[in-house]
Each structure stands twice: as C-alpha cells, then as structure tokens.
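For reference, data.cif (mmCIF, C-alpha atoms):
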data_run
loop_
_atom_site.label_atom_id
_atom_site.label_comp_id
_atom_site.auth_asym_id
_atom_site.auth_seq_id
_atom_site.Cartn_x
_atom_site.Cartn_y
_atom_site.Cartn_z
CA MET A 1 -58.13 47.66 29.64
CA ASP A 2 -57.36 44.07 30.66
CA LYS A 3 -53.93 44.07 32.33
CA ASN A 4 -53.20 40.61 30.85
CA ILE A 5 -53.34 41.97 27.30
CA LYS A 6 -49.85 42.85 26.10
CA PHE A 7 -50.44 43.78 22.46
CA LYS A 8 -53.09 44.79 19.94
CA VAL A 9 -53.62 43.42 16.44
CA VAL A 10 -53.72 45.63 13.35
CA THR A 11 -54.75 44.49 9.87
CA ASP A 12 -56.72 45.90 6.95
CA THR A 13 -60.00 45.41 5.11
CA THR A 14 -58.57 42.81 2.72
CA SER A 15 -58.47 40.40 5.69
CA ASP A 16 -62.26 39.94 5.24
CA ILE A 17 -62.84 39.57 8.99
CA PRO A 18 -66.59 39.72 9.70
CA THR A 19 -67.39 43.05 11.35
CA GLU A 20 -68.80 41.61 14.57
CA ILE A 21 -65.75 39.38 15.06
CA GLY A 22 -63.33 42.23 14.44
CA LYS A 23 -65.11 44.41 16.97
CA GLY A 24 -65.43 41.61 19.51
CA LEU A 25 -61.69 40.90 19.38
CA ASN A 26 -60.75 44.60 19.28
CA ILE A 27 -58.82 44.25 16.03
CA ASN A 28 -57.82 47.54 14.38
CA ILE A 29 -58.89 47.18 10.73
CA ILE A 30 -57.52 49.90 8.43
CA PRO A 31 -59.31 50.54 5.10
CA TYR A 32 -57.99 50.05 1.59
CA TYR A 33 -58.98 52.50 -1.13
CA ILE A 34 -60.83 51.96 -4.39
CA HIS A 35 -60.35 54.35 -7.32
CA MET A 36 -63.25 54.35 -9.79
CA ASP A 37 -64.20 56.92 -12.44
CA GLY A 38 -61.76 59.48 -11.13
CA LYS A 39 -62.94 59.24 -7.52
CA SER A 40 -61.34 57.66 -4.47
CA TYR A 41 -63.41 55.64 -2.00
CA GLU A 42 -62.53 54.35 1.46
CA GLU A 43 -63.49 50.70 1.82
CA ASN A 44 -66.39 49.94 4.18
CA ALA A 45 -67.00 53.67 4.68
CA ASP A 46 -67.64 55.09 1.20
CA ILE A 47 -67.86 51.87 -0.78
CA GLN A 48 -69.00 48.28 -0.24
CA PRO A 49 -68.20 45.06 -2.15
CA GLU A 50 -71.63 45.18 -3.82
CA ASP A 51 -70.77 48.57 -5.37
CA VAL A 52 -67.67 47.08 -6.97
CA TRP A 53 -69.54 44.01 -8.21
CA GLU A 54 -72.15 46.19 -9.93
CA TYR A 55 -69.53 48.49 -11.45
CA LEU A 56 -67.47 45.60 -12.82
CA LYS A 57 -70.49 44.15 -14.64
CA LYS A 58 -70.59 47.14 -16.97
CA ALA A 59 -67.09 48.65 -16.79
CA PRO A 60 -65.03 48.61 -20.02
CA GLU A 61 -61.63 46.93 -19.83
CA ASN A 62 -59.86 50.28 -20.19
CA ASN A 63 -61.69 51.72 -17.18
CA LEU A 64 -61.53 49.07 -14.47
CA PRO A 65 -61.21 50.14 -10.83
CA LYS A 66 -57.81 50.38 -9.14
CA THR A 67 -56.91 49.72 -5.53
CA ALA A 68 -54.51 51.37 -3.11
CA CYS A 69 -53.29 50.14 0.25
CA PRO A 70 -53.21 52.30 3.38
CA GLY A 71 -50.25 54.66 3.48
CA VAL A 72 -47.32 54.85 5.87
CA GLY A 73 -49.00 57.70 7.75
CA GLU A 74 -52.11 55.68 8.45
CA TYR A 75 -50.12 52.82 9.94
CA TYR A 76 -47.94 55.26 11.85
CA GLU A 77 -50.99 56.87 13.49
CA ALA A 78 -52.61 53.51 14.28
CA PHE A 79 -49.41 52.08 15.77
CA LYS A 80 -48.62 55.26 17.72
CA LYS A 81 -51.99 55.28 19.45
CA ILE A 82 -51.61 51.65 20.52
CA LEU A 83 -48.07 52.23 21.78
CA GLU A 84 -49.12 55.30 23.74
CA ASP A 85 -51.76 53.14 25.42
CA GLY A 86 -48.90 51.01 26.73
CA LEU A 87 -49.38 48.05 24.38
CA SER A 88 -47.20 46.44 21.73
CA VAL A 89 -48.28 46.14 18.09
CA LEU A 90 -48.80 43.05 15.93
CA SER A 91 -49.63 44.10 12.38
CA ILE A 92 -50.61 41.41 9.85
CA HIS A 93 -50.94 42.03 6.13
CA LEU A 94 -51.98 40.73 2.74
CA THR A 95 -49.19 38.96 0.84
CA SER A 96 -46.45 41.44 -0.02
CA TRP A 97 -46.35 39.87 -3.50
CA GLY A 98 -49.71 41.45 -4.32
CA SER A 99 -49.80 44.61 -2.21
CA GLY A 100 -47.67 47.33 -0.67
CA ALA A 101 -49.39 47.22 2.73
CA PHE A 102 -46.61 45.19 4.33
CA GLN A 103 -44.01 47.68 3.09
CA SER A 104 -46.08 50.67 4.31
CA ALA A 105 -46.49 49.13 7.76
CA SER A 106 -42.80 48.21 7.88
CA MET A 107 -41.85 51.81 7.09
CA ALA A 108 -44.16 53.07 9.84
CA LYS A 109 -42.47 50.64 12.23
CA SER A 110 -39.02 51.94 11.25
CA ILE A 111 -40.04 55.56 11.88
CA LEU A 112 -41.49 54.73 15.29
CA LYS A 113 -38.47 52.66 16.30
CA GLU A 114 -36.27 55.67 15.49
CA GLU A 115 -38.44 57.70 17.87
CA ASN A 116 -38.27 55.09 20.62
CA GLN A 117 -36.18 51.93 20.44
CA ASN A 118 -38.23 50.42 23.28
CA TYR A 119 -41.40 50.26 21.16
CA GLU A 120 -42.40 46.65 20.42
CA ILE A 121 -43.81 46.34 16.90
CA GLU A 122 -44.04 43.22 14.77
CA VAL A 123 -45.10 43.49 11.12
CA ILE A 124 -46.01 40.16 9.52
CA ASP A 125 -46.42 39.27 5.85
CA SER A 126 -49.29 36.76 5.93
CA LYS A 127 -48.21 35.40 2.52
CA SER A 128 -51.93 34.92 2.13
CA VAL A 129 -55.09 36.76 1.12
CA SER A 130 -58.56 37.37 2.46
CA LEU A 131 -59.46 35.21 5.45
CA GLY A 132 -56.00 33.66 5.37
CA THR A 133 -54.76 37.00 6.66
CA GLY A 134 -57.99 37.28 8.65
CA PHE A 135 -57.56 33.97 10.45
CA MET A 136 -54.03 34.94 11.43
CA ALA A 137 -55.32 38.24 12.84
CA ILE A 138 -58.17 36.49 14.66
CA GLU A 139 -55.85 33.90 16.16
CA ALA A 140 -53.42 36.64 17.22
CA ALA A 141 -56.21 38.60 18.90
CA ARG A 142 -57.38 35.47 20.71
CA ALA A 143 -53.80 34.92 21.83
CA ALA A 144 -53.74 38.48 23.20
CA LEU A 145 -56.89 37.84 25.21
CA LYS A 146 -55.26 34.70 26.65
CA GLY A 147 -52.34 36.80 27.87
CA LEU A 148 -49.73 35.47 25.44
CA SER A 149 -46.70 37.64 24.81
CA LEU A 150 -46.06 39.28 21.46
CA LYS A 151 -43.30 36.76 20.70
CA GLU A 152 -45.55 33.81 21.59
CA ALA A 153 -48.33 35.18 19.38
CA VAL A 154 -45.97 35.63 16.42
CA GLU A 155 -44.80 32.02 16.76
CA HIS A 156 -48.42 30.88 16.97
CA ILE A 157 -49.62 32.65 13.85
CA GLN A 158 -46.58 31.52 11.88
CA LYS A 159 -47.78 27.95 12.49
CA ILE A 160 -51.19 28.98 11.15
CA ARG A 161 -49.53 30.57 8.11
CA ASP A 162 -47.54 27.42 7.38
CA ASN A 163 -50.69 25.29 7.39
CA LEU A 164 -53.14 27.39 5.40
CA PHE A 165 -54.88 25.88 2.39
CA HIS A 166 -56.17 28.31 -0.26
CA ALA A 167 -58.35 27.71 -3.31
CA PHE A 168 -60.44 30.16 -5.31
CA THR A 169 -62.37 29.55 -8.47
CA ASN A 170 -63.25 32.47 -10.70
CA GLU A 171 -65.79 32.83 -13.45
CA THR A 172 -63.07 34.58 -15.42
CA LEU A 173 -59.38 35.47 -15.12
CA LYS A 174 -60.11 38.82 -16.78
CA TYR A 175 -59.67 40.88 -13.63
CA LEU A 176 -56.58 39.07 -12.37
CA ALA A 177 -55.01 39.59 -15.79
CA ALA A 178 -55.97 43.27 -15.86
CA GLY A 179 -54.27 43.80 -12.51
CA GLY A 180 -51.14 41.93 -13.56
CA ARG A 181 -51.75 39.10 -11.09
CA ILE A 182 -51.81 36.48 -13.85
CA SER A 183 -50.69 36.48 -17.49
CA LYS A 184 -53.07 37.59 -20.22
CA ALA A 185 -52.17 34.47 -22.20
CA LYS A 186 -53.54 32.24 -19.43
CA TYR A 187 -56.66 34.39 -19.23
CA LEU A 188 -57.31 34.17 -22.97
CA LEU A 189 -56.74 30.40 -23.06
CA ALA A 190 -59.15 29.86 -20.16
CA GLU A 191 -61.78 32.01 -21.90
CA ILE A 192 -61.43 30.13 -25.18
CA LEU A 193 -61.73 26.72 -23.53
CA ASN A 194 -64.54 27.80 -21.19
CA ILE A 195 -62.53 26.68 -18.17
CA ASN A 196 -63.11 27.48 -14.52
CA PRO A 197 -59.61 28.15 -13.19
CA ILE A 198 -58.69 27.18 -9.63
CA ILE A 199 -56.18 29.58 -8.10
CA SER A 200 -54.09 28.99 -4.99
CA ILE A 201 -51.18 30.66 -3.18
CA ASP A 202 -47.76 29.15 -2.62
CA LYS A 203 -45.62 29.31 0.53
CA GLU A 204 -44.12 32.62 -0.64
CA GLY A 205 -47.53 34.24 -1.06
CA VAL A 206 -47.57 34.09 -4.87
CA LEU A 207 -50.75 33.24 -6.77
CA PHE A 208 -50.53 30.21 -9.06
CA ALA A 209 -52.84 28.02 -11.12
CA LEU A 210 -53.64 25.03 -8.92
CA ASP A 211 -55.97 23.28 -11.35
CA LYS A 212 -58.79 23.82 -13.81
CA ALA A 213 -62.25 22.38 -14.39
CA ARG A 214 -65.25 22.67 -16.64
CA GLY A 215 -68.20 23.79 -14.57
CA ARG A 216 -68.59 24.84 -10.97
CA LEU A 217 -69.36 21.45 -9.43
CA ASN A 218 -66.29 19.89 -11.04
CA ALA A 219 -64.23 22.79 -9.71
CA TYR A 220 -65.54 22.19 -6.18
CA GLN A 221 -64.73 18.49 -6.40
CA LYS A 222 -61.20 19.28 -7.51
CA ILE A 223 -60.79 21.77 -4.67
CA ILE A 224 -61.81 19.08 -2.19
CA SER A 225 -59.35 16.64 -3.76
CA HIS A 226 -56.56 19.17 -3.31
CA MET A 227 -57.67 19.77 0.29
CA GLN A 228 -57.40 16.04 0.96
CA ASP A 229 -53.89 15.99 -0.52
CA PHE A 230 -52.91 19.04 1.52
CA PHE A 231 -54.18 17.84 4.90
CA LYS A 232 -53.32 14.16 4.28
CA GLU A 233 -55.83 12.83 6.80
CA LYS A 234 -59.36 13.51 7.96
CA ILE A 235 -58.98 16.19 10.63
CA ASN A 236 -61.08 18.93 12.15
CA LEU A 237 -60.79 22.14 10.17
CA SER A 238 -61.42 25.80 10.67
CA ILE A 239 -62.59 27.13 7.32
CA GLY A 240 -63.31 30.48 5.77
CA LEU A 241 -65.61 30.73 2.77
CA LEU A 242 -65.59 33.81 0.56
CA HIS A 243 -67.71 34.94 -2.34
CA ALA A 244 -68.10 37.87 -4.71
CA ASN A 245 -71.80 38.07 -5.58
CA ALA A 246 -72.06 34.26 -5.41
CA TRP A 247 -73.88 33.43 -2.16
CA GLU A 248 -75.61 30.33 -3.51
CA GLU A 249 -72.36 28.97 -4.94
CA VAL A 250 -70.45 29.43 -1.69
CA GLN A 251 -73.18 27.46 0.09
CA LYS A 252 -72.73 24.63 -2.41
CA LEU A 253 -69.00 24.60 -1.78
CA LYS A 254 -69.61 24.50 1.97
CA GLU A 255 -71.93 21.49 1.57
CA GLU A 256 -69.37 19.62 -0.52
CA ILE A 257 -66.57 20.28 1.97
CA ALA A 258 -68.75 19.14 4.87
CA LYS A 259 -69.15 15.74 3.18
CA HIS A 260 -65.41 15.11 3.48
CA PHE A 261 -64.16 17.05 6.52
CA GLU A 262 -65.17 17.72 10.08
CA ILE A 263 -65.65 21.47 10.40
CA LYS A 264 -65.09 22.93 13.85
CA GLU A 265 -65.35 26.60 12.90
CA VAL A 266 -66.69 28.22 9.74
CA LEU A 267 -66.70 31.88 8.74
CA ILE A 268 -68.55 33.02 5.64
CA ASN A 269 -68.07 36.51 4.29
CA LYS A 270 -68.16 38.63 1.17
CA LEU A 271 -64.86 39.16 -0.58
CA SER A 272 -63.69 42.70 0.19
CA ALA A 273 -64.18 45.49 -2.32
CA ALA A 274 -60.40 45.67 -2.93
CA LEU A 275 -60.03 41.94 -3.55
CA SER A 276 -63.21 41.89 -5.66
CA VAL A 277 -61.58 44.40 -8.02
CA HIS A 278 -58.92 41.79 -8.83
CA SER A 279 -61.01 38.60 -8.73
CA GLY A 280 -64.31 39.81 -10.18
CA PRO A 281 -67.95 38.87 -9.52
CA GLY A 282 -68.67 35.16 -9.29
CA THR A 283 -65.53 34.28 -7.34
CA VAL A 284 -65.88 31.60 -4.67
CA GLY A 285 -63.10 30.48 -2.37
CA VAL A 286 -62.09 28.50 0.68
CA ILE A 287 -59.26 28.99 3.15
CA ALA A 288 -58.70 26.33 5.80
CA TYR A 289 -56.32 25.20 8.51
CA PRO A 290 -56.33 22.48 11.20
CA SER A 291 -58.51 23.59 14.13
CA SER A 292 -56.05 21.88 16.46
CA LEU A 293 -53.77 24.89 15.86
CA SER A 294 -56.32 27.34 17.25
CA VAL A 295 -55.81 29.09 20.55
CA GLU A 296 -57.79 27.19 23.17
#
How does this structure look as structure tokens?
Amino acid sequence: MDKNIKFKVVTDTTSDIPTEIGKGLNINIIPYYIHMDGKSYEENADIQPEDVWEYLKKAPENNLPKTACPGVGEYYEAFKKILEDGLSVLSIHLTSWGSGAFQSASMAKSILKEENQNYEIEVIDSKSVSLGTGFMAIEAARAALKGLSLKEAVEHIQKIRDNLFHAFTNETLKYLAAGGRISKAKYLLAEILNINPIISIDKEGVLFALDKARGRLNAYQKIISHMQDFFKEKINLSIGLLHANAWEEVQKLKEEIAKHFEIKEVLINKLSAALSVHSGPGTVGVIAYPSSLSVE
C-alpha cells in the first residue's frame, strides 16, 4: 500500500462510476438491491441495467421493481476493513432526499466511533445522483493518490458538489411518479401534452422540474441553454453522460454539448439498475462541473 495514501473512498453502485475507473482508483463500490417479482437481486452481480430496462417495458404499473440501499451492516463491514488496514474512510452517497444510503453509512460510522473514537470516518451526502456522486468519489480517490489528507479531500469535493450541473430528460415521468419522486399530477400533465420533461437537482439534493420541451432535440437545446446560464462563461468542463437504453440519444447530446463547450474529460455510462427503476428506459442525462476544479 502506498504510504502517502491516508484514506479510502467508499460509494455505491448508484454513483455510475465505470468499472475500470473504479478499479483503477481503488474505490469501494457497494451494491444496491433490486426487488422484482418477489426476488431480490444484487446490482452488478445478479442484475444489470439491461435486465431492468427489459422488465420495465412490460411490467404493469402495480408490479414495478423496488430498490433498496445497502444496509448499516454492509457499510460497517466495509469501513471496518479499511480502518483495520490503517486508513481513514471517506464515504460518499446519493442524495439523502432520495435514498437511505447516507443514513445507513452515518449509522455505521456512529457504531464504529463508539468502538474507537480515534477512527477517522467522513460520510458525505453528495446532494446529487449518478455521476454527480461518481465524480465526487473519483475526485476524492484522485486526491488520496496525491497524498491529500481526509480533511483536504472533503473540502475539495465540497467545491465539486457546489458546482455540479445536472439535467436529465425522460421519455416519461411514469417511473419517477411511481416511486414518489415527482407528483402524479405532473406526470399525467406531461403525458397528455406529449412533453419531454427536463429534471434537475437543487442545492439541497431535491429533484425539480427544470424545463420542458417537445421532442428530444429541443430538450437537448434547452439543456445546453441552462448549462450556459449555470456556468456563465465558456469554460473547460468535465462531463458525465448517462443513458438508460438510449445510446444513440446520449451521443446526440454529447455532440450538441461539444458545439458550445470545451470538454476536457468525458465519461459515458449506463444509468445504474437502481436509478433506471426510477427514471425508466429512454432517459438521457448530463452532469458537469468546471475541469479547473479537478485534482491536478
């Protein structure tokens, strides 16, 4: 183990970190669970995003999949192993507004701190989703490799969190409504008007309707307009592009963004099985932040 490394990063499968990057940065990625047809599946072991996409195409509204975050025990075991290896823990999680992972990890921290007050454990609410959480974990792991302290890494990723842009466009709000993430009235209105909703996340990690458009291309143009408002000036960006069974569409979004911004780093990945349950097939999204904030 590199003696300069002072902590290890923990996150979960909803962070959508590409497998090779997660392994290369030694990030501990704990699986979410998907419950379908009376069975429980461990994400990325027993079930893949494609399985969820196929199931959702034919599932009746009264039998949609459910998701469950890792439990306190799973975080406890993951943290304990890291601590016993002589490292501190930096655990980064999906917005606490939409998941209990942050609370589970926080409880695991409390139990371990009762065992040993000298344990260093930081549990962070990313107030984000998908590669928003993922970018924070990646940046934290890069900071660890650079020899930054746990405190310095926390300060660094908080700057990333404060400067994250999110926008997702869904074919339907059906799945967000079914999971209670958005009102059924908004879902029904969008369906009636044949509108492509554009969903974002506020500073507290709460999903909200950013805009709406008729048709995919109009939605992408509106997303870019909001990106320009958010970043104010033409700057280099690190961007994450996500899709749920919409590879061609995510490529179109990438091309449109590249016309307006300089892209220093781009990650493209499938939306996790757990997040796909709530967003549904056809979802396309972008998460971005200024590349100047990256660890050099």
Which distance in Å separates atom CA of A:Ser104 and atom CA of A:Val72, to one decimal?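 It comes out at 4.6 Å.
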Residue members of the PyMOL selection byres ((chain A and resi 156) around 12) in the file shown, as an MDAnalysis selection string: chainID A and resid 135:144 148:155 157:163 292:296
Please produce a file of those selected residues containing C-alpha atoms, as a short mmCIF file (atom, residue, chain, number, x, y, z; two decimals), keeping the file's coordinate frame.
data_model
loop_
_atom_site.label_atom_id
_atom_site.label_comp_id
_atom_site.auth_asym_id
_atom_site.auth_seq_id
_atom_site.Cartn_x
_atom_site.Cartn_y
_atom_site.Cartn_z
CA PHE A 135 -57.56 33.97 10.45
CA MET A 136 -54.03 34.94 11.43
CA ALA A 137 -55.32 38.24 12.84
CA ILE A 138 -58.17 36.49 14.66
CA GLU A 139 -55.85 33.90 16.16
CA ALA A 140 -53.42 36.64 17.22
CA ALA A 141 -56.21 38.60 18.90
CA ARG A 142 -57.38 35.47 20.71
CA ALA A 143 -53.80 34.92 21.83
CA ALA A 144 -53.74 38.48 23.20
CA LEU A 148 -49.73 35.47 25.44
CA SER A 149 -46.70 37.64 24.81
CA LEU A 150 -46.06 39.28 21.46
CA LYS A 151 -43.30 36.76 20.70
CA GLU A 152 -45.55 33.81 21.59
CA ALA A 153 -48.33 35.18 19.38
CA VAL A 154 -45.97 35.63 16.42
CA GLU A 155 -44.80 32.02 16.76
CA ILE A 157 -49.62 32.65 13.85
CA GLN A 158 -46.58 31.52 11.88
CA LYS A 159 -47.78 27.95 12.49
CA ILE A 160 -51.19 28.98 11.15
CA ARG A 161 -49.53 30.57 8.11
CA ASP A 162 -47.54 27.42 7.38
CA ASN A 163 -50.69 25.29 7.39
CA SER A 292 -56.05 21.88 16.46
CA LEU A 293 -53.77 24.89 15.86
CA SER A 294 -56.32 27.34 17.25
CA VAL A 295 -55.81 29.09 20.55
CA GLU A 296 -57.79 27.19 23.17
#
Residue with smallest distance to A:Trp97 - pool A:Phe208, A:Lys6, A:Pro31, A:Glu42, counting all atoms listed in the file: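 Under the stated criterion, the closest residue is A:Phe208.
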With distances taken over all atoms listed in the file, which residue among A:Thr67, A:Asn116, A:Ser225, A:Gln251 lies nearest A:Val52?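 Under the stated criterion, the closest residue is A:Thr67.
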Quick check, in Å to one decimal: how far apart do atom CA of A:Glu74 and atom CA of A:Ile30 lie?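 Atom CA of A:Glu74 sits 7.9 Å away from atom CA of A:Ile30.
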Rank nothing, just name the residue among A:Ser88, A:Ser128, A:Ser106, A:Asn118 nearest to A:Lys203, using only C-alpha atoms.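 Checking each candidate against A:Lys203, we get A:Ser128 as the closest.
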Shortest contact to A:Glu256, candidates A:Glu233, A:Gln221, A:Ala244, A:Tyr289, atoms counted all atoms listed in the file, goes to A:Gln221
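Atom pair atom CA of A:Ser126 / atom CA of A:Tyr76 has a distance of 19.5 Å (rounded to one decimal).
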Can you list, as number ranges by chain, the residues that the PyMOL selection byres ((chain A and resi 75) around 12) selects here? A: 9-12, 28-32, 69-74, 76-82, 89-93, 101-112, 121, 123
Determine, counting all atoms listed in the file, every residue of protein, DNA or RNA that lies within 8 Å of (-67.0, 49.6, -1.6) in the file coordinates, then give the result as a PyMOL selection string. chain A and resi 34+41-52+272-274
Go through A:Gly132, A:Pro290, A:Gly22, A:Gly38 and flag the residue nearest A:Met227, using all atoms listed in the file for the distances.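 Of all the options, A:Pro290 lies closest to A:Met227.
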Restricting the calculation to only C-alpha atoms, which member of A:Glu265, A:Leu242, A:Leu56, A:Asp202 is positioned closest to A:Val286?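 Looking at the shortest contact to A:Val286, the residue is A:Leu242.
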